[in-house]
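> So here's target09.tsv (TSV, C-alpha atoms and all ligand atoms).
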```tsv
chain	number	residue	atom	x	y	z
A	164	MET	CA	24.45	-2.12	8.11
A	165	SER	CA	22.51	1.12	8.54
A	166	GLN	CA	18.83	1.05	9.36
A	167	LYS	CA	16.57	1.32	6.32
A	168	LYS	CA	13.70	3.80	6.47
A	169	VAL	CA	10.43	2.18	5.46
A	170	LEU	CA	7.36	4.24	4.63
A	171	VAL	CA	4.03	2.38	4.71
A	172	THR	CA	1.02	4.53	3.76
A	173	GLY	CA	-2.35	3.80	5.36
A	174	SER	CA	-0.82	1.96	8.30
A	175	SER	CA	-3.35	2.85	11.00
A	176	ARG	CA	-5.35	-0.33	10.37
A	177	GLY	CA	-5.75	-3.41	8.18
A	178	ILE	CA	-3.03	-4.62	5.83
A	179	GLY	CA	-0.89	-1.47	6.26
A	180	GLN	CA	-0.82	-1.86	10.04
A	181	SER	CA	0.50	-5.43	9.70
A	182	ILE	CA	3.07	-4.37	7.10
A	183	LEU	CA	4.32	-1.56	9.35
A	184	LYS	CA	4.47	-3.97	12.29
A	185	SER	CA	6.58	-6.41	10.26
A	186	PHE	CA	9.16	-3.63	9.78
A	187	SER	CA	9.04	-2.58	13.43
A	188	SER	CA	12.42	-3.84	14.54
A	189	ASN	CA	15.78	-2.21	15.11
A	190	GLU	CA	16.82	-3.16	11.57
A	191	PHE	CA	14.46	-0.50	10.19
A	192	ILE	CA	13.07	2.95	10.88
A	193	PRO	CA	9.34	2.49	10.28
A	194	ILE	CA	7.27	5.46	9.10
A	195	GLY	CA	3.48	5.19	9.15
A	196	THR	CA	0.60	7.37	7.97
A	197	ALA	CA	-3.07	7.87	8.82
A	198	THR	CA	-5.68	10.37	7.63
A	199	SER	CA	-6.34	11.70	11.16
A	200	LYS	CA	-4.41	12.96	14.20
A	201	ILE	CA	-5.81	10.18	16.35
A	202	GLY	CA	-4.67	7.59	13.79
A	203	VAL	CA	-1.16	9.08	13.89
A	204	GLU	CA	-1.16	9.05	17.71
A	205	ASN	CA	-2.18	5.38	17.71
A	206	ILE	CA	0.69	4.44	15.41
A	207	LEU	CA	3.16	6.36	17.60
A	208	LYS	CA	1.73	4.69	20.71
A	209	SER	CA	2.31	1.22	19.25
A	210	PHE	CA	5.96	2.15	18.47
A	211	GLU	CA	6.37	3.34	22.04
A	212	GLU	CA	4.84	0.17	23.50
A	213	ASN	CA	7.29	-1.93	21.48
A	214	ASN	CA	10.30	0.29	22.17
A	215	ILE	CA	10.74	1.12	18.49
A	216	SER	CA	11.91	4.50	17.25
A	217	GLY	CA	9.43	5.09	14.45
A	218	ASN	CA	7.58	8.05	13.02
A	219	ALA	CA	4.03	8.74	11.89
A	220	TYR	CA	2.37	11.54	9.93
A	221	GLU	CA	-1.01	12.64	8.70
A	222	LEU	CA	-1.57	12.02	4.98
A	223	ASN	CA	-4.70	12.31	2.88
A	224	LEU	CA	-3.98	11.19	-0.67
A	225	ASN	CA	-7.19	12.83	-1.89
A	226	ASP	CA	-5.85	16.25	-0.90
A	227	GLY	CA	-2.90	17.84	-2.71
A	228	LYS	CA	-2.16	20.18	0.21
A	229	SER	CA	-1.97	17.26	2.64
A	230	ILE	CA	0.47	15.47	0.31
A	231	ASP	CA	2.65	18.62	0.06
A	232	SER	CA	2.79	19.11	3.82
A	233	PHE	CA	3.54	15.42	4.29
A	234	PHE	CA	6.57	15.80	1.99
A	235	GLU	CA	7.66	18.93	3.88
A	236	ASN	CA	7.37	17.16	7.25
A	237	LEU	CA	9.45	14.20	6.11
A	238	LYS	CA	12.09	16.52	4.66
A	239	LYS	CA	12.19	18.53	7.88
A	240	ASP	CA	12.73	15.31	9.85
A	241	ASP	CA	15.36	14.16	7.34
A	242	LEU	CA	13.43	11.00	6.50
A	243	ASN	CA	13.94	9.85	2.95
A	244	PRO	CA	12.59	6.29	2.73
A	245	GLU	CA	14.65	3.64	0.97
A	246	ILE	CA	11.61	1.34	1.01
A	247	LEU	CA	8.21	2.68	-0.05
A	248	VAL	CA	5.06	0.63	0.43
A	249	ASN	CA	2.08	2.29	-1.24
A	250	ASN	CA	-0.72	0.60	0.66
A	251	ALA	CA	-3.34	3.26	1.54
A	252	GLY	CA	-6.66	2.62	-0.14
A	253	ILE	CA	-10.39	3.13	-0.20
A	254	ALA	CA	-13.33	1.66	-2.04
A	255	LYS	CA	-16.32	3.71	-3.27
A	256	ASP	CA	-18.28	1.00	-4.99
A	257	ASN	CA	-21.25	1.38	-7.31
A	258	LEU	CA	-22.39	0.04	-10.65
A	259	MET	CA	-20.97	2.22	-13.40
A	260	LEU	CA	-24.35	3.72	-14.30
A	261	ARG	CA	-24.76	4.92	-10.71
A	262	MET	CA	-21.15	5.89	-10.00
A	263	SER	CA	-20.69	9.60	-9.34
A	264	GLU	CA	-17.76	11.42	-10.87
A	265	GLU	CA	-16.76	12.39	-7.33
A	266	ASP	CA	-16.39	8.73	-6.28
A	267	TRP	CA	-14.53	7.97	-9.50
A	268	THR	CA	-12.07	10.82	-8.91
A	269	GLU	CA	-11.51	10.11	-5.22
A	270	VAL	CA	-10.56	6.48	-5.81
A	271	ILE	CA	-8.27	7.39	-8.73
A	272	ASN	CA	-6.68	10.16	-6.61
A	273	VAL	CA	-6.00	7.96	-3.59
A	274	HIS	CA	-4.74	4.91	-5.45
A	275	LEU	CA	-3.23	6.10	-8.70
A	276	THR	CA	-2.37	9.81	-8.63
A	277	GLY	CA	-1.35	9.66	-4.97
A	278	GLN	CA	0.98	6.71	-5.58
A	279	PHE	CA	2.49	8.47	-8.61
A	280	LYS	CA	3.24	11.53	-6.47
A	281	LEU	CA	4.82	9.48	-3.68
A	282	MET	CA	6.96	7.39	-6.03
A	283	LYS	CA	8.13	10.50	-7.89
A	284	ASN	CA	9.00	12.33	-4.69
A	285	PHE	CA	10.97	9.51	-3.04
A	286	LEU	CA	12.70	8.25	-6.19
A	287	ARG	CA	15.31	11.02	-6.06
A	288	GLY	CA	16.76	9.72	-2.79
A	289	MET	CA	16.70	6.12	-4.04
A	290	LEU	CA	18.49	7.12	-7.26
A	291	LYS	CA	21.13	8.93	-5.24
A	292	ASN	CA	21.63	5.88	-2.99
A	293	LYS	CA	21.56	3.50	-5.97
A	294	TRP	CA	19.23	1.28	-3.96
A	295	GLY	CA	15.48	1.28	-3.44
A	296	ARG	CA	12.39	-0.85	-3.09
A	297	ILE	CA	8.91	0.18	-4.14
A	298	ILE	CA	6.01	-2.14	-3.39
A	299	ASN	CA	2.56	-1.11	-4.50
A	300	ILE	CA	-0.53	-2.85	-3.17
A	301	SER	CA	-2.83	-3.73	-6.03
A	302	SER	CA	-5.73	-6.22	-5.98
A	303	ALA	CA	-6.81	-9.47	-7.61
A	304	ALA	CA	-9.75	-7.41	-8.87
A	305	ALA	CA	-7.40	-5.69	-11.36
A	306	ALA	CA	-6.88	-9.03	-13.12
A	307	ILE	CA	-10.41	-10.43	-12.98
A	308	GLY	CA	-12.66	-7.35	-12.80
A	309	ASN	CA	-15.29	-6.86	-10.14
A	310	LYS	CA	-18.90	-5.74	-10.50
A	311	GLY	CA	-19.39	-2.29	-8.92
A	312	GLN	CA	-15.69	-1.42	-8.79
A	313	SER	CA	-14.88	0.23	-12.13
A	314	ASN	CA	-13.04	3.08	-10.35
A	315	TYR	CA	-11.06	0.80	-8.01
A	316	VAL	CA	-10.19	-1.74	-10.70
A	317	ALA	CA	-9.11	0.97	-13.16
A	318	ALA	CA	-6.85	2.46	-10.47
A	319	LYS	CA	-5.32	-0.89	-9.52
A	320	ALA	CA	-4.72	-1.95	-13.14
A	321	GLY	CA	-3.13	1.48	-13.66
A	322	ILE	CA	-0.82	0.92	-10.68
A	323	GLU	CA	0.33	-2.40	-12.11
A	324	ALA	CA	1.08	-0.90	-15.53
A	325	MET	CA	2.75	2.16	-13.97
A	326	SER	CA	4.93	-0.10	-11.77
A	327	LYS	CA	6.16	-2.12	-14.78
A	328	THR	CA	7.07	1.11	-16.55
A	329	LEU	CA	8.94	2.50	-13.55
A	330	ALA	CA	10.70	-0.86	-13.07
A	331	ARG	CA	12.10	-0.44	-16.59
A	332	GLU	CA	13.10	3.17	-15.94
A	333	VAL	CA	15.04	2.59	-12.70
A	334	GLY	CA	16.24	-1.03	-12.84
A	335	SER	CA	19.76	0.03	-13.80
A	336	LYS	CA	19.96	1.98	-10.53
A	337	ASN	CA	19.27	-1.07	-8.39
A	338	ILE	CA	15.71	-0.01	-7.59
A	339	THR	CA	13.02	-2.65	-7.84
A	340	VAL	CA	9.32	-1.91	-8.32
A	341	ASN	CA	6.74	-4.61	-7.72
A	342	CYS	CA	3.05	-5.01	-6.92
A	343	VAL	CA	1.34	-7.30	-4.46
A	344	ALA	CA	-2.21	-8.21	-5.46
A	345	PRO	CA	-4.24	-9.59	-2.55
A	346	GLY	CA	-7.53	-11.42	-2.90
A	347	PHE	CA	-10.07	-11.14	-0.07
A	348	ILE	CA	-8.30	-10.18	3.17
A	349	GLU	CA	-9.96	-9.79	6.59
A	350	THR	CA	-10.00	-6.01	7.10
A	351	ASP	CA	-12.49	-3.15	7.43
A	352	MET	CA	-12.65	-3.07	3.64
A	353	LEU	CA	-14.82	-6.21	3.70
A	354	LYS	CA	-17.11	-5.08	6.51
A	355	ASP	CA	-19.70	-3.42	4.25
A	356	LEU	CA	-20.02	-6.40	1.91
A	357	ASP	CA	-23.07	-8.64	2.07
A	358	GLU	CA	-22.51	-11.72	4.30
A	359	ASP	CA	-24.07	-14.18	1.82
A	360	TYR	CA	-21.85	-12.79	-0.93
A	361	LEU	CA	-18.75	-13.22	1.27
A	362	LYS	CA	-19.77	-16.80	2.13
A	363	THR	CA	-20.17	-17.67	-1.56
A	364	ILE	CA	-16.73	-16.21	-2.29
A	365	ALA	CA	-15.08	-18.06	0.63
A	366	ASP	CA	-16.54	-21.35	-0.69
A	367	GLU	CA	-14.95	-20.67	-4.09
A	368	ILE	CA	-11.47	-20.08	-2.65
A	369	PRO	CA	-9.41	-23.31	-2.86
A	370	LEU	CA	-7.95	-22.61	0.61
A	371	GLN	CA	-11.55	-22.06	1.84
A	372	ARG	CA	-10.94	-18.87	3.79
A	373	PHE	CA	-10.09	-15.19	3.49
A	374	GLY	CA	-6.49	-14.10	3.92
A	375	LYS	CA	-4.95	-12.56	7.01
A	376	THR	CA	-3.17	-9.21	7.00
A	377	ASP	CA	0.04	-10.84	8.34
A	378	GLU	CA	0.14	-13.08	5.27
A	379	ILE	CA	0.30	-10.02	3.01
A	380	ALA	CA	2.91	-8.41	5.28
A	381	SER	CA	5.22	-11.44	4.95
A	382	LEU	CA	5.17	-11.19	1.17
A	383	VAL	CA	5.81	-7.44	1.21
A	384	LYS	CA	8.71	-7.91	3.62
A	385	PHE	CA	10.21	-10.56	1.34
A	386	LEU	CA	9.97	-8.26	-1.70
A	387	ALA	CA	11.74	-5.54	0.29
A	388	SER	CA	14.58	-7.87	1.30
A	389	GLU	CA	17.94	-8.63	-0.31
A	390	GLU	CA	16.58	-12.13	-1.09
A	391	ALA	CA	14.28	-10.49	-3.66
A	392	ASN	CA	17.08	-8.56	-5.40
A	393	TYR	CA	16.31	-10.06	-8.82
A	394	ILE	CA	12.53	-9.55	-8.77
A	395	THR	CA	11.20	-6.44	-10.46
A	396	GLY	CA	8.24	-5.39	-12.59
A	397	GLN	CA	6.11	-8.22	-11.18
A	398	THR	CA	2.65	-8.45	-9.72
A	399	VAL	CA	2.63	-11.18	-7.11
A	400	HIS	CA	-0.84	-12.60	-6.45
A	401	ILE	CA	-1.78	-13.76	-2.95
A	402	ASN	CA	-5.37	-14.92	-2.75
A	403	GLY	CA	-5.71	-18.51	-1.48
A	404	GLY	CA	-6.06	-19.68	-5.08
A	405	LEU	CA	-9.15	-17.60	-5.89
A	406	PHE	CA	-7.43	-16.41	-9.06
A	407	MET	CA	-4.76	-18.51	-10.80
B	501	LIG	P1	-8.47	-0.62	5.44
B	501	LIG	O1	-8.42	-1.61	6.54
B	501	LIG	O2	-9.75	0.01	5.07
B	501	LIG	O3	-7.36	0.52	5.76
B	501	LIG	C1	-7.17	1.54	4.84
B	501	LIG	C2	-5.96	2.37	5.22
B	501	LIG	O4	-5.81	3.42	4.22
B	501	LIG	C3	-6.14	3.09	6.55
B	501	LIG	O5	-4.89	3.22	7.20
B	501	LIG	C4	-6.68	4.46	6.14
B	501	LIG	O6	-6.37	5.49	7.08
B	501	LIG	C5	-5.91	4.70	4.84
B	501	LIG	N1	-6.62	5.65	3.98
B	501	LIG	C6	-7.93	5.68	3.67
B	501	LIG	N2	-8.21	6.74	2.88
B	501	LIG	C7	-7.04	7.40	2.70
B	501	LIG	C8	-6.69	8.60	2.03
B	501	LIG	N3	-7.59	9.35	1.39
B	501	LIG	N4	-5.40	9.01	2.06
B	501	LIG	C9	-4.46	8.27	2.73
B	501	LIG	N5	-4.74	7.14	3.42
B	501	LIG	C10	-6.01	6.70	3.40
B	501	LIG	O7	-7.93	-1.24	4.07
B	501	LIG	P2	-7.15	-2.61	3.77
B	501	LIG	O8	-8.15	-3.65	3.48
B	501	LIG	O9	-6.10	-2.84	4.77
B	501	LIG	O10	-6.49	-2.22	2.35
B	501	LIG	C11	-5.12	-1.87	2.23
B	501	LIG	C12	-4.74	-1.96	0.76
B	501	LIG	O11	-4.96	-3.29	0.28
B	501	LIG	C13	-5.57	-1.04	-0.15
B	501	LIG	O12	-4.76	-0.52	-1.16
B	501	LIG	C14	-6.60	-2.00	-0.74
B	501	LIG	O13	-7.08	-1.55	-1.98
B	501	LIG	C15	-5.77	-3.27	-0.87
B	501	LIG	N6	-6.56	-4.50	-0.94
B	501	LIG	C16	-7.34	-4.90	0.12
B	501	LIG	C17	-8.07	-6.09	0.01
B	501	LIG	C18	-8.92	-6.61	1.13
B	501	LIG	O14	-9.63	-7.62	0.91
B	501	LIG	N7	-8.92	-6.04	2.29
B	501	LIG	C19	-7.99	-6.84	-1.18
B	501	LIG	C20	-7.19	-6.39	-2.22
B	501	LIG	C21	-6.46	-5.23	-2.08
B	501	LIG	P3	-7.43	5.91	8.25
B	501	LIG	O15	-7.37	4.83	9.28
B	501	LIG	O16	-6.90	7.20	8.74
B	501	LIG	O17	-8.77	6.01	7.60
```
Turn the structure described in the file into structure tokens.
Ligand code: NAP


Amino acid sequence: MSQKKVLVTGSSRGIGQSILKSFSSNEFIPIGTATSKIGVENILKSFEENNISGNAYELNLNDGKSIDSFFENLKKDDLNPEILVNNAGIAKDNLMLRMSEEDWTEVINVHLTGQFKLMKNFLRGMLKNKWGRIINISSAAAAIGNKGQSNYVAAKAGIEAMSKTLAREVGSKNITVNCVAPGFIETDMLKDLDEDYLKTIADEIPLQRFGKTDEIASLVKFLASEEANYITGQTVHINGGLFM
């Protein structure tokens, strides 16, 4: 069987890095992204170290020009992913009364508008192949709300609704569209949060700990596999029982 091309956005660190690593075998052609040249070089270096022929590109989802040149670069290199993992993300938290319009727009751009553009661009190839997998990384916060995250939560809830709609539009072409909604996962995204707050949260989680990036990667890899052929339009929660 031919190697499937897998694009994982935001794969220079955190959850995305683990997802990209899980697809770094000769079964796949992994494609990573970072917002900086150095991030791209690091991804390429890790492919080299593991003897994997993968690719990496710069992509800033808050910048239309960067998205356009990303599409051009992939086209030039004849890389049309059959599996798209929309993972890249940021948080710009503040209580609604203090949230600037700039922070609102940036988070919506990166998570929601950016993902729309990527899905739309890569759908054509999937439709032609009559096979595709789209996995969008949402968050438990979309289901339960989170103080100080009105921008982030609105974007993630939007992604879930958009994914269900797309799942209905392309199901007949053998393309599945699902979301993975992590709870608290050990990445840079947690590093600015207050330690006491994190301890209180960890105590409330039935499994009594935060998740690991590899645990999210395993779920994403399953949803991309043939074993998950009959799963579409779903949001799969993975949070140690924090939300059930
Ligand atoms: P992270 O460690 O902060 O990594 C974020 C990744 O996104 C990096 O590769 C970063 O690239 C990239 N990125 C940042 N801004 C970008 C932009 N404007 N355009 C394109 N890429 C950008 O984050 P994470 O915790 O792994 O989060 C990954 C995903 O999981 C996000 O969608 C997040 O919302 C979701 N999530 C995380 C948690 C959690 O507890 N960690 C919980 C629920 C959901 P650079 O390295 O170049 O900056």

> Using all atoms listed in the file, determine which residues fall within 6 Å of ligand LIG 501 (chain B), then list them as a ChimeraX atom specification.

/A:173-179,197-199,202,222-225,250-253,273,300-302,345-352

> Between atom CA of Gly277 of chain A and atom CA of Lys375 of chain A, what is the spacing in Å?

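Straight-line distance from atom CA of Lys375 of chain A to atom CA of Gly277 of chain A works out to 25.5 Å.
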
> Between atom CA of Val333 of chain A and atom CA of Leu286 of chain A, what distance in Å does the model show, to one decimal?

8.9 Å

> Find the residues around segment 336-342 of chain A up to 10 Å (all atoms listed in the file counted), leave out those fewer than 2 positions away in its own chain, and share them as a PDB file with C-alpha atoms, in the frame of the given file.


```
ATOM      1  CA  GLU A 245      14.650   3.640   0.970  1.00  0.00           C
ATOM      2  CA  ILE A 246      11.610   1.340   1.010  1.00  0.00           C
ATOM      3  CA  LEU A 247       8.210   2.680  -0.050  1.00  0.00           C
ATOM      4  CA  VAL A 248       5.060   0.630   0.430  1.00  0.00           C
ATOM      5  CA  ASN A 249       2.080   2.290  -1.240  1.00  0.00           C
ATOM      6  CA  MET A 282       6.960   7.390  -6.030  1.00  0.00           C
ATOM      7  CA  LEU A 286      12.700   8.250  -6.190  1.00  0.00           C
ATOM      8  CA  MET A 289      16.700   6.120  -4.040  1.00  0.00           C
ATOM      9  CA  LEU A 290      18.490   7.120  -7.260  1.00  0.00           C
ATOM     10  CA  LYS A 291      21.130   8.930  -5.240  1.00  0.00           C
ATOM     11  CA  ASN A 292      21.630   5.880  -2.990  1.00  0.00           C
ATOM     12  CA  LYS A 293      21.560   3.500  -5.970  1.00  0.00           C
ATOM     13  CA  TRP A 294      19.230   1.280  -3.960  1.00  0.00           C
ATOM     14  CA  GLY A 295      15.480   1.280  -3.440  1.00  0.00           C
ATOM     15  CA  ARG A 296      12.390  -0.850  -3.090  1.00  0.00           C
ATOM     16  CA  ILE A 297       8.910   0.180  -4.140  1.00  0.00           C
ATOM     17  CA  ILE A 298       6.010  -2.140  -3.390  1.00  0.00           C
ATOM     18  CA  ASN A 299       2.560  -1.110  -4.500  1.00  0.00           C
ATOM     19  CA  ILE A 300      -0.530  -2.850  -3.170  1.00  0.00           C
ATOM     20  CA  SER A 301      -2.830  -3.730  -6.030  1.00  0.00           C
ATOM     21  CA  SER A 302      -5.730  -6.220  -5.980  1.00  0.00           C
ATOM     22  CA  LYS A 319      -5.320  -0.890  -9.520  1.00  0.00           C
ATOM     23  CA  ILE A 322      -0.820   0.920 -10.680  1.00  0.00           C
ATOM     24  CA  GLU A 323       0.330  -2.400 -12.110  1.00  0.00           C
ATOM     25  CA  ALA A 324       1.080  -0.900 -15.530  1.00  0.00           C
ATOM     26  CA  MET A 325       2.750   2.160 -13.970  1.00  0.00           C
ATOM     27  CA  SER A 326       4.930  -0.100 -11.770  1.00  0.00           C
ATOM     28  CA  LYS A 327       6.160  -2.120 -14.780  1.00  0.00           C
ATOM     29  CA  THR A 328       7.070   1.110 -16.550  1.00  0.00           C
ATOM     30  CA  LEU A 329       8.940   2.500 -13.550  1.00  0.00           C
ATOM     31  CA  ALA A 330      10.700  -0.860 -13.070  1.00  0.00           C
ATOM     32  CA  ARG A 331      12.100  -0.440 -16.590  1.00  0.00           C
ATOM     33  CA  GLU A 332      13.100   3.170 -15.940  1.00  0.00           C
ATOM     34  CA  VAL A 333      15.040   2.590 -12.700  1.00  0.00           C
ATOM     35  CA  GLY A 334      16.240  -1.030 -12.840  1.00  0.00           C
ATOM     36  CA  ALA A 344      -2.210  -8.210  -5.460  1.00  0.00           C
ATOM     37  CA  PRO A 345      -4.240  -9.590  -2.550  1.00  0.00           C
ATOM     38  CA  VAL A 383       5.810  -7.440   1.210  1.00  0.00           C
ATOM     39  CA  LEU A 386       9.970  -8.260  -1.700  1.00  0.00           C
ATOM     40  CA  ALA A 387      11.740  -5.540   0.290  1.00  0.00           C
ATOM     41  CA  ALA A 391      14.280 -10.490  -3.660  1.00  0.00           C
ATOM     42  CA  ASN A 392      17.080  -8.560  -5.400  1.00  0.00           C
ATOM     43  CA  TYR A 393      16.310 -10.060  -8.820  1.00  0.00           C
ATOM     44  CA  ILE A 394      12.530  -9.550  -8.770  1.00  0.00           C
ATOM     45  CA  THR A 395      11.200  -6.440 -10.460  1.00  0.00           C
ATOM     46  CA  GLY A 396       8.240  -5.390 -12.590  1.00  0.00           C
ATOM     47  CA  GLN A 397       6.110  -8.220 -11.180  1.00  0.00           C
ATOM     48  CA  THR A 398       2.650  -8.450  -9.720  1.00  0.00           C
ATOM     49  CA  VAL A 399       2.630 -11.180  -7.110  1.00  0.00           C
ATOM     50  CA  HIS A 400      -0.840 -12.600  -6.450  1.00  0.00           C
TER      51      HIS A 400
END
```

> When you look at Phe191 of chain A with a cut-off of 8 Å (counting only C-alpha atoms), what residues show up, excluding the ones that are within fewer than 6 positions of it in the same chain? I need them as a ChimeraX atom specification.

/A:166-169

> Within 12 Å of (6.0, 16.5, 7.7) in the file's own coordinates, which protein, DNA or RNA residues have an atom, counting only C-alpha atoms? List them as number ranges by chain.

A: 194-196, 218-222, 228-243

> For segment 194-202 of chain A, where the input has fewer atoms than it should, I would like all heavy atoms rebuilt and written as a PDB file, keeping the file's coordinate frame.


```
ATOM      1  N   ILE A 194       7.993   4.188   9.206  1.00  0.00           N
ATOM      2  CA  ILE A 194       7.270   5.460   9.100  1.00  0.00           C
ATOM      3  C   ILE A 194       5.837   5.126   8.637  1.00  0.00           C
ATOM      4  O   ILE A 194       5.647   4.525   7.576  1.00  0.00           O
ATOM      5  CB  ILE A 194       7.924   6.388   8.035  1.00  0.00           C
ATOM      6  CG1 ILE A 194       9.434   6.532   8.288  1.00  0.00           C
ATOM      7  CG2 ILE A 194       7.231   7.745   7.999  1.00  0.00           C
ATOM      8  CD1 ILE A 194      10.210   7.077   7.089  1.00  0.00           C
ATOM      9  N   GLY A 195       4.865   5.513   9.476  1.00  0.00           N
ATOM     10  CA  GLY A 195       3.480   5.190   9.150  1.00  0.00           C
ATOM     11  C   GLY A 195       2.676   6.430   8.793  1.00  0.00           C
ATOM     12  O   GLY A 195       3.116   7.552   9.052  1.00  0.00           O
ATOM     13  N   THR A 196       1.505   6.239   8.213  1.00  0.00           N
ATOM     14  CA  THR A 196       0.600   7.370   7.970  1.00  0.00           C
ATOM     15  C   THR A 196      -0.844   6.972   8.281  1.00  0.00           C
ATOM     16  O   THR A 196      -1.217   5.806   8.217  1.00  0.00           O
ATOM     17  CB  THR A 196       0.636   7.890   6.498  1.00  0.00           C
ATOM     18  OG1 THR A 196      -0.180   7.042   5.661  1.00  0.00           O
ATOM     19  CG2 THR A 196       2.039   7.977   5.939  1.00  0.00           C
ATOM     20  N   ALA A 197      -1.615   8.019   8.623  1.00  0.00           N
ATOM     21  CA  ALA A 197      -3.070   7.870   8.820  1.00  0.00           C
ATOM     22  C   ALA A 197      -3.707   9.159   8.331  1.00  0.00           C
ATOM     23  O   ALA A 197      -3.011  10.168   8.151  1.00  0.00           O
ATOM     24  CB  ALA A 197      -3.365   7.663  10.298  1.00  0.00           C
ATOM     25  N   THR A 198      -5.018   9.147   8.125  1.00  0.00           N
ATOM     26  CA  THR A 198      -5.680  10.370   7.630  1.00  0.00           C
ATOM     27  C   THR A 198      -6.028  11.325   8.773  1.00  0.00           C
ATOM     28  O   THR A 198      -6.415  12.454   8.521  1.00  0.00           O
ATOM     29  CB  THR A 198      -6.965  10.034   6.859  1.00  0.00           C
ATOM     30  OG1 THR A 198      -7.841   9.336   7.738  1.00  0.00           O
ATOM     31  CG2 THR A 198      -6.687   9.201   5.620  1.00  0.00           C
ATOM     32  N   SER A 199      -5.929  10.852  10.036  1.00  0.00           N
ATOM     33  CA  SER A 199      -6.340  11.700  11.160  1.00  0.00           C
ATOM     34  C   SER A 199      -5.242  11.758  12.222  1.00  0.00           C
ATOM     35  O   SER A 199      -4.359  10.886  12.271  1.00  0.00           O
ATOM     36  CB  SER A 199      -7.601  11.115  11.802  1.00  0.00           C
ATOM     37  OG  SER A 199      -7.271   9.870  12.381  1.00  0.00           O
ATOM     38  N   LYS A 200      -5.372  12.794  13.089  1.00  0.00           N
ATOM     39  CA  LYS A 200      -4.410  12.960  14.200  1.00  0.00           C
ATOM     40  C   LYS A 200      -4.450  11.755  15.132  1.00  0.00           C
ATOM     41  O   LYS A 200      -3.419  11.249  15.553  1.00  0.00           O
ATOM     42  CB  LYS A 200      -4.790  14.210  15.020  1.00  0.00           C
ATOM     43  CG  LYS A 200      -4.101  15.444  14.533  1.00  0.00           C
ATOM     44  CD  LYS A 200      -4.073  16.513  15.637  1.00  0.00           C
ATOM     45  CE  LYS A 200      -3.271  17.688  15.167  1.00  0.00           C
ATOM     46  NZ  LYS A 200      -3.856  18.355  13.979  1.00  0.00           N
ATOM     47  N   ILE A 201      -5.671  11.303  15.414  1.00  0.00           N
ATOM     48  CA  ILE A 201      -5.810  10.180  16.350  1.00  0.00           C
ATOM     49  C   ILE A 201      -5.168   8.919  15.777  1.00  0.00           C
ATOM     50  O   ILE A 201      -4.518   8.156  16.488  1.00  0.00           O
ATOM     51  CB  ILE A 201      -7.300   9.978  16.763  1.00  0.00           C
ATOM     52  CG1 ILE A 201      -7.482   8.836  17.737  1.00  0.00           C
ATOM     53  CG2 ILE A 201      -8.228   9.781  15.625  1.00  0.00           C
ATOM     54  CD1 ILE A 201      -7.497   9.364  19.141  1.00  0.00           C
ATOM     55  N   GLY A 202      -5.313   8.731  14.458  1.00  0.00           N
ATOM     56  CA  GLY A 202      -4.670   7.590  13.790  1.00  0.00           C
ATOM     57  C   GLY A 202      -3.162   7.659  13.938  1.00  0.00           C
ATOM     58  O   GLY A 202      -2.498   6.657  14.229  1.00  0.00           O
TER      59      GLY A 202
END
```
